[in-house]
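Asks: Structure: model-v9.txt, compact mmCIF, C-alpha atoms and all ligand atoms.
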# COMPACT_ATOMS: atom_id res chain seq x y z
CA MET U 1 0.00 0.00 0.00
CA LYS U 2 1.27 3.46 -0.89
CA THR U 3 1.91 6.04 1.80
CA LYS U 4 0.17 9.39 1.75
CA GLN U 5 3.40 11.03 0.60
CA GLU U 6 3.83 8.52 -2.23
CA ILE U 7 0.29 9.12 -3.44
CA LEU U 8 0.71 12.89 -3.42
CA HIS U 9 4.10 12.59 -5.07
CA SER U 10 2.64 10.48 -7.88
CA ILE U 11 0.25 13.28 -8.93
CA HIS U 12 2.75 16.12 -8.51
CA HIS U 13 2.86 18.27 -11.66
CA GLU U 14 0.62 15.78 -13.40
CA LEU U 15 -2.79 15.77 -15.03
CA ILE U 16 -5.77 14.16 -13.33
CA VAL U 17 -8.76 13.43 -15.52
CA SER U 18 -12.24 13.56 -14.05
CA CYS U 19 -14.45 10.81 -15.49
CA GLN U 20 -17.97 11.50 -14.35
CA ALA U 21 -21.45 11.17 -15.80
CA LEU U 22 -24.50 11.59 -13.59
CA PRO U 23 -27.71 9.61 -14.21
CA ASP U 24 -29.10 12.42 -16.38
CA GLU U 25 -26.01 12.56 -18.59
CA PRO U 26 -25.69 10.66 -21.88
CA LEU U 27 -22.62 8.65 -20.86
CA HIS U 28 -23.90 7.54 -17.45
CA SER U 29 -22.45 4.04 -17.08
CA PRO U 30 -19.63 2.49 -15.05
CA TYR U 31 -18.47 0.68 -18.19
CA ILE U 32 -18.15 3.91 -20.16
CA MET U 33 -16.45 5.76 -17.27
CA ALA U 34 -13.92 2.95 -17.01
CA ARG U 35 -13.17 3.22 -20.74
CA MET U 36 -12.84 6.99 -20.34
CA ALA U 37 -10.40 6.45 -17.49
CA TYR U 38 -8.47 3.93 -19.56
CA ALA U 39 -8.26 6.38 -22.46
CA ALA U 40 -7.09 9.09 -20.06
CA MET U 41 -4.38 6.78 -18.74
CA MET U 42 -3.27 5.90 -22.27
CA GLY U 43 -3.11 9.61 -22.99
CA GLY U 44 -0.79 10.26 -20.07
CA ALA U 45 -3.05 11.20 -17.17
CA LYS U 46 -1.60 10.25 -13.82
CA GLY U 47 -4.78 10.28 -11.76
CA ILE U 48 -8.54 9.86 -12.11
CA ARG U 49 -11.32 11.69 -10.31
CA ALA U 50 -14.50 9.63 -10.18
CA ASN U 51 -17.98 9.70 -8.70
CA SER U 52 -19.88 6.77 -7.12
CA ILE U 53 -18.83 3.38 -5.83
CA GLU U 54 -20.10 1.68 -9.02
CA ASP U 55 -17.88 3.81 -11.28
CA ILE U 56 -14.88 3.58 -8.96
CA LYS U 57 -15.08 -0.22 -8.79
CA GLU U 58 -15.15 -0.50 -12.58
CA ILE U 59 -12.38 2.05 -13.07
CA LYS U 60 -10.14 0.18 -10.63
CA LYS U 61 -10.49 -2.99 -12.77
CA ASN U 62 -9.17 -1.16 -15.80
CA VAL U 63 -6.77 1.47 -14.58
CA ASN U 64 -3.96 1.44 -12.09
CA LEU U 65 -3.83 5.12 -11.20
CA PRO U 66 -4.53 7.02 -8.01
CA ILE U 67 -8.20 7.82 -7.65
CA ILE U 68 -9.80 10.89 -6.16
CA GLY U 69 -13.17 9.52 -5.13
CA ILE U 70 -16.36 11.42 -4.50
CA ILE U 71 -20.00 10.53 -4.10
CA LYS U 72 -22.40 13.13 -5.38
CA ASN U 73 -25.66 13.03 -3.52
CA VAL U 74 -28.40 15.62 -3.50
CA TYR U 75 -30.31 16.01 -0.23
CA SER U 76 -33.23 18.30 0.32
CA LYS U 77 -32.53 21.41 2.37
CA SER U 78 -28.81 21.58 1.46
CA ASP U 79 -26.84 22.73 -1.56
CA VAL U 80 -23.87 20.57 -0.56
CA PHE U 81 -23.69 17.61 -2.93
CA ILE U 82 -20.04 16.45 -3.21
CA THR U 83 -19.53 13.79 -0.52
CA PRO U 84 -21.99 15.64 1.70
CA THR U 85 -22.35 13.36 4.74
CA GLN U 86 -20.53 10.82 6.85
CA LYS U 87 -22.41 8.08 4.99
CA GLU U 88 -20.66 8.86 1.68
CA ILE U 89 -17.29 9.20 3.38
CA ASP U 90 -17.70 5.78 5.03
CA LEU U 91 -18.61 4.19 1.69
CA LEU U 92 -15.59 5.70 -0.07
CA TYR U 93 -13.27 4.71 2.75
CA ARG U 94 -14.56 1.15 2.70
CA GLU U 95 -14.20 0.96 -1.08
CA GLY U 96 -10.69 2.34 -0.84
CA VAL U 97 -9.67 5.40 -2.82
CA ASP U 98 -6.38 7.27 -2.69
CA ILE U 99 -7.99 10.60 -1.92
CA ILE U 100 -11.52 11.34 -0.72
CA ALA U 101 -12.76 14.75 -1.88
CA ILE U 102 -15.35 16.53 0.22
CA ASP U 103 -17.31 19.75 -0.18
CA ALA U 104 -15.43 22.12 2.14
CA THR U 105 -17.55 25.19 1.55
CA ASN U 106 -19.11 27.03 4.44
CA ARG U 107 -22.62 26.00 3.51
CA LEU U 108 -24.89 24.03 5.77
CA ARG U 109 -24.63 20.32 5.14
CA PRO U 110 -27.60 17.94 5.02
CA ASP U 111 -27.10 17.15 8.72
CA GLY U 112 -27.45 20.85 9.57
CA LYS U 113 -23.76 21.27 10.42
CA VAL U 114 -20.86 23.02 8.68
CA ILE U 115 -17.52 21.53 7.66
CA SER U 116 -15.65 22.93 10.67
CA GLU U 117 -18.01 21.00 12.94
CA VAL U 118 -17.86 17.68 11.13
CA PHE U 119 -14.32 17.41 9.78
CA PRO U 120 -12.33 17.10 13.04
CA ALA U 121 -14.05 13.80 13.89
CA ILE U 122 -13.63 12.52 10.32
CA ARG U 123 -9.93 13.45 10.39
CA LYS U 124 -9.53 11.52 13.63
CA GLN U 125 -11.53 8.50 12.54
CA TYR U 126 -9.71 8.11 9.21
CA SER U 127 -6.23 9.33 10.07
CA ASP U 128 -4.61 7.18 7.36
CA GLN U 129 -6.75 8.66 4.57
CA LEU U 130 -5.93 11.60 2.31
CA PHE U 131 -8.70 14.20 2.11
CA MET U 132 -9.12 16.90 -0.53
CA ALA U 133 -11.11 20.02 0.30
CA ASP U 134 -13.33 21.14 -2.56
CA CYS U 135 -13.44 24.89 -1.96
CA SER U 136 -15.00 27.89 -3.64
CA THR U 137 -13.18 30.76 -1.89
CA TYR U 138 -9.90 31.71 -0.25
CA GLU U 139 -11.50 31.71 3.23
CA GLU U 140 -12.76 28.17 2.71
CA GLY U 141 -9.27 27.11 1.63
CA LYS U 142 -7.77 28.72 4.72
CA GLN U 143 -10.24 26.95 6.96
CA ALA U 144 -9.61 23.61 5.24
CA TYR U 145 -5.88 24.06 5.74
CA GLU U 146 -6.43 24.75 9.43
CA LEU U 147 -8.80 21.78 9.76
CA GLY U 148 -6.12 19.37 8.59
CA PHE U 149 -7.15 18.53 5.04
CA ASP U 150 -4.30 17.13 2.93
CA CYS U 151 -4.87 19.15 -0.23
CA LEU U 152 -6.99 22.04 -1.43
CA GLY U 153 -9.06 22.09 -4.60
CA THR U 154 -10.64 25.03 -6.38
CA THR U 155 -13.42 22.70 -7.55
CA LEU U 156 -16.37 24.73 -6.34
CA SER U 157 -15.34 28.23 -7.37
CA GLY U 158 -18.17 29.48 -9.56
CA TYR U 159 -20.57 26.89 -8.21
CA THR U 160 -21.60 28.40 -4.87
CA GLU U 161 -24.19 31.15 -4.71
CA TYR U 162 -21.53 33.62 -3.56
CA THR U 163 -19.03 32.81 -6.34
CA GLN U 164 -21.45 32.63 -9.26
CA GLY U 165 -20.10 34.26 -12.37
CA THR U 166 -16.42 33.77 -11.46
CA VAL U 167 -14.33 33.41 -14.59
CA LEU U 168 -12.89 29.90 -14.67
CA PRO U 169 -10.35 28.57 -14.18
CA ASP U 170 -10.15 30.74 -11.05
CA LYS U 171 -6.54 31.84 -11.47
CA LEU U 172 -6.65 34.37 -8.66
CA LEU U 173 -7.87 31.77 -6.17
CA ILE U 174 -5.21 29.28 -7.27
CA GLU U 175 -2.52 31.94 -6.96
CA LYS U 176 -3.59 33.04 -3.49
CA LEU U 177 -3.98 29.53 -2.08
CA VAL U 178 -0.56 28.57 -3.44
CA ARG U 179 0.98 31.71 -1.96
CA ASP U 180 -0.42 31.31 1.54
CA PHE U 181 -0.77 27.62 2.31
CA PRO U 182 2.12 25.15 2.31
CA MET U 183 0.13 22.25 1.00
CA PRO U 184 -0.81 20.87 -2.42
CA VAL U 185 -3.28 23.05 -4.28
CA ILE U 186 -5.12 21.18 -6.99
CA ALA U 187 -6.51 23.39 -9.74
CA GLU U 188 -9.94 22.13 -10.74
CA GLY U 189 -12.90 23.60 -12.53
CA GLY U 190 -13.25 25.10 -15.97
CA ILE U 191 -9.89 24.16 -17.46
CA TRP U 192 -10.79 23.78 -21.11
CA THR U 193 -7.54 24.13 -23.04
CA PRO U 194 -3.93 22.93 -22.84
CA GLU U 195 -2.94 26.61 -22.54
CA GLU U 196 -5.13 27.03 -19.46
CA LEU U 197 -3.65 23.88 -17.99
CA LYS U 198 -0.16 25.21 -18.54
CA CYS U 199 -1.17 28.49 -16.96
CA VAL U 200 -2.49 26.92 -13.73
CA PHE U 201 0.79 25.06 -13.34
CA GLU U 202 2.69 28.30 -13.88
CA LEU U 203 0.64 29.77 -11.05
CA GLY U 204 1.98 27.03 -8.80
CA ALA U 205 -0.75 24.40 -8.84
CA TYR U 206 0.49 21.08 -7.48
CA SER U 207 -1.62 19.18 -9.96
CA ALA U 208 -4.73 19.83 -12.01
CA VAL U 209 -8.03 18.12 -12.73
CA VAL U 210 -9.63 18.41 -16.15
CA GLY U 211 -13.09 16.92 -16.57
CA THR U 212 -15.67 18.19 -19.02
CA ALA U 213 -13.18 19.27 -21.70
CA ILE U 214 -12.00 15.65 -21.97
CA THR U 215 -14.84 13.40 -20.85
CA ARG U 216 -18.15 15.14 -21.58
CA PRO U 217 -18.67 14.97 -25.36
CA MET U 218 -22.12 16.55 -25.18
CA ASN U 219 -20.65 19.71 -23.61
CA ILE U 220 -17.71 19.67 -25.99
CA THR U 221 -20.10 19.44 -28.95
CA LYS U 222 -22.12 22.34 -27.56
CA ARG U 223 -19.00 24.50 -27.42
CA PHE U 224 -18.27 23.82 -31.06
CA VAL U 225 -21.86 24.51 -32.06
CA GLU U 226 -21.97 27.75 -30.08
CA ALA U 227 -18.65 28.90 -31.56
CA MET U 228 -20.01 28.21 -35.02
CA LYS U 229 -23.15 30.24 -34.36
CA SER U 230 -21.40 33.18 -32.77
CA ASN U 231 -19.22 33.50 -35.85
CA GLY U 232 -22.35 33.94 -37.93
C1 LIG U 301 -19.01 21.69 -9.64
C2 LIG U 301 -18.97 20.19 -9.80
O1 LIG U 301 -19.95 19.52 -9.62
N1 LIG U 301 -17.79 19.66 -10.14
C3 LIG U 301 -17.62 18.25 -10.28
C4 LIG U 301 -16.68 17.77 -9.29
O2 LIG U 301 -16.30 16.67 -9.16
C5 LIG U 301 -17.40 17.76 -11.69
O3 LIG U 301 -18.66 17.74 -12.31
C6 LIG U 301 -16.42 18.51 -12.62
O4 LIG U 301 -16.46 17.91 -13.87
C7 LIG U 301 -14.98 18.49 -12.12
O5 LIG U 301 -14.87 19.32 -11.00
C8 LIG U 301 -13.95 18.96 -13.13
O6 LIG U 301 -14.23 20.24 -13.57
P1 LIG U 301 -14.43 20.57 -15.11
O7 LIG U 301 -15.45 19.59 -15.62
O8 LIG U 301 -14.89 21.99 -15.21
O9 LIG U 301 -13.09 20.34 -15.80
Reformat the file's structure so that it appears as structure tokens.
Replies:
Amino acid sequence: MKTKQEILHSIHHELIVSCQALPDEPLHSPYIMARMAYAAMMGGAKGIRANSIEDIKEIKKNVNLPIIGIIKNVYSKSDVFITPTQKEIDLLYREGVDIIAIDATNRLRPDGKVISEVFPAIRKQYSDQLFMADCSTYEEGKQAYELGFDCLGTTLSGYTEYTQGTVLPDKLLIEKLVRDFPMPVIAEGGIWTPEELKCVFELGAYSAVVGTAITRPMNITKRFVEAMKSNG
């Protein structure tokens, strides 16, 4: 089994590809996500971000790369949907993923608590597990650093009510987190081009996750169609 340091080292300055398709997306299927992950590996990715136990199990059969695991679950009365409760964390831990990513925003979770109330017990219970904090702001990153997360992600910038409209990738957030916190900062969210990927690394990102631009053909098609229309 790899140590925490070995896992982090293996994704340092490397590309992680997010292979996700929710039930309402055209490619929703563990089989397809595993093929996506395999293609990403063949293309040179050094990590996979994946959602759900079903997808993770299938990806593991096909790909021998570190996995950032999440479980997206929508509960009523809460906007937190990326690994929102202890239940999803337990499932991911039992399945075994290299890094568990959790919503680390300041929003109320389905259990009525905020991350600063729930994470200390999780950190204690699963001391051998790497945790990534999916943040949307600098303050959330700071708090996650203080709470003992192992790496920070910019995943939720642009996706919380108070960050809506942020231009992605959120270069300013990446830059500030890198500057102030001596821990891996993973650039994630809205990286669409190789140039943008290069740029986030120049800003000091430890590694970067690219999802939609590689693994969501419907959205990629839309971009082409929209570009075509806007050019008359
Ligand atoms: C906000 C949210 O739900 N983000 C999710 C997090 O796991 C995924 O749907 C994204 O695809 C992933 O973050 C990668 O980002 P992008 O697809 O922009 O490269």
Asks: For a quick check of understanding, using all atoms listed in the file, which of U:Val225, U:Tyr31, U:Leu15, U:Thr212 has the smallest distance to Leu197 (chain U)?
Replies: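 Closest candidate: U:Leu15.
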Asks: Enclose all atoms of region 45-53 of chain U listed in the file in an axis-aligned box, grow every side by 8 Å, and hand back centre and edge lengths in Å to one decimal, as JSON.
Replies:
{"center_x": -10.7, "center_y": 7.5, "center_z": -11.5, "size_x": 34.3, "size_y": 24.3, "size_z": 27.3}
Asks: Taking only C-alpha atoms and all ligand atoms into account, which of U:Val167, U:Val97, U:Val63, U:Ile7 comes nearest ligand LIG 301 (chain U)?
Replies: U:Val167
Asks: So how far away is CA of Asp24 (chain U) from CA of Ala37 (chain U), in Å?
Replies: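 So the answer is 19.7 Å.
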Asks: Choose the residue, out of U:Ala21, U:Ile16, U:Leu156, U:Ala104, that has the smallest atom-to-atom separation from Ile68 (chain U); count only C-alpha atoms.
Replies: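 Between U:Ala21, U:Ile16, U:Leu156, U:Ala104, the residue approaching Ile68 (chain U) most closely is U:Ile16.
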Asks: Could you list, as an mmCIF file with C-alpha atoms, in the coordinates of the input, every residue within 12 Å of Ala45 (chain U), counting only C-alpha atoms and ignoring same-chain residues fewer than 4 positions away?
Replies:
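The resulting selection05.cif:
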data_model
loop_
_atom_site.group_PDB
_atom_site.id
_atom_site.type_symbol
_atom_site.label_atom_id
_atom_site.label_comp_id
_atom_site.auth_asym_id
_atom_site.auth_seq_id
_atom_site.Cartn_x
_atom_site.Cartn_y
_atom_site.Cartn_z
ATOM 1 C CA SER U 10 2.640 10.480 -7.880
ATOM 2 C CA ILE U 11 0.250 13.280 -8.930
ATOM 3 C CA HIS U 12 2.750 16.120 -8.510
ATOM 4 C CA HIS U 13 2.860 18.270 -11.660
ATOM 5 C CA GLU U 14 0.620 15.780 -13.400
ATOM 6 C CA LEU U 15 -2.790 15.770 -15.030
ATOM 7 C CA ILE U 16 -5.770 14.160 -13.330
ATOM 8 C CA VAL U 17 -8.760 13.430 -15.520
ATOM 9 C CA SER U 18 -12.240 13.560 -14.050
ATOM 10 C CA CYS U 19 -14.450 10.810 -15.490
ATOM 11 C CA MET U 36 -12.840 6.990 -20.340
ATOM 12 C CA ALA U 37 -10.400 6.450 -17.490
ATOM 13 C CA TYR U 38 -8.470 3.930 -19.560
ATOM 14 C CA ALA U 39 -8.260 6.380 -22.460
ATOM 15 C CA ALA U 40 -7.090 9.090 -20.060
ATOM 16 C CA MET U 41 -4.380 6.780 -18.740
ATOM 17 C CA ARG U 49 -11.320 11.690 -10.310
ATOM 18 C CA VAL U 63 -6.770 1.470 -14.580
ATOM 19 C CA ASN U 64 -3.960 1.440 -12.090
ATOM 20 C CA LEU U 65 -3.830 5.120 -11.200
ATOM 21 C CA PRO U 66 -4.530 7.020 -8.010
ATOM 22 C CA ILE U 67 -8.200 7.820 -7.650
ATOM 23 C CA SER U 207 -1.620 19.180 -9.960
ATOM 24 C CA ALA U 208 -4.730 19.830 -12.010
ATOM 25 C CA VAL U 209 -8.030 18.120 -12.730
ATOM 26 C CA VAL U 210 -9.630 18.410 -16.150
ATOM 27 C CA GLY U 211 -13.090 16.920 -16.570
ATOM 28 C CA ILE U 214 -12.000 15.650 -21.970
#
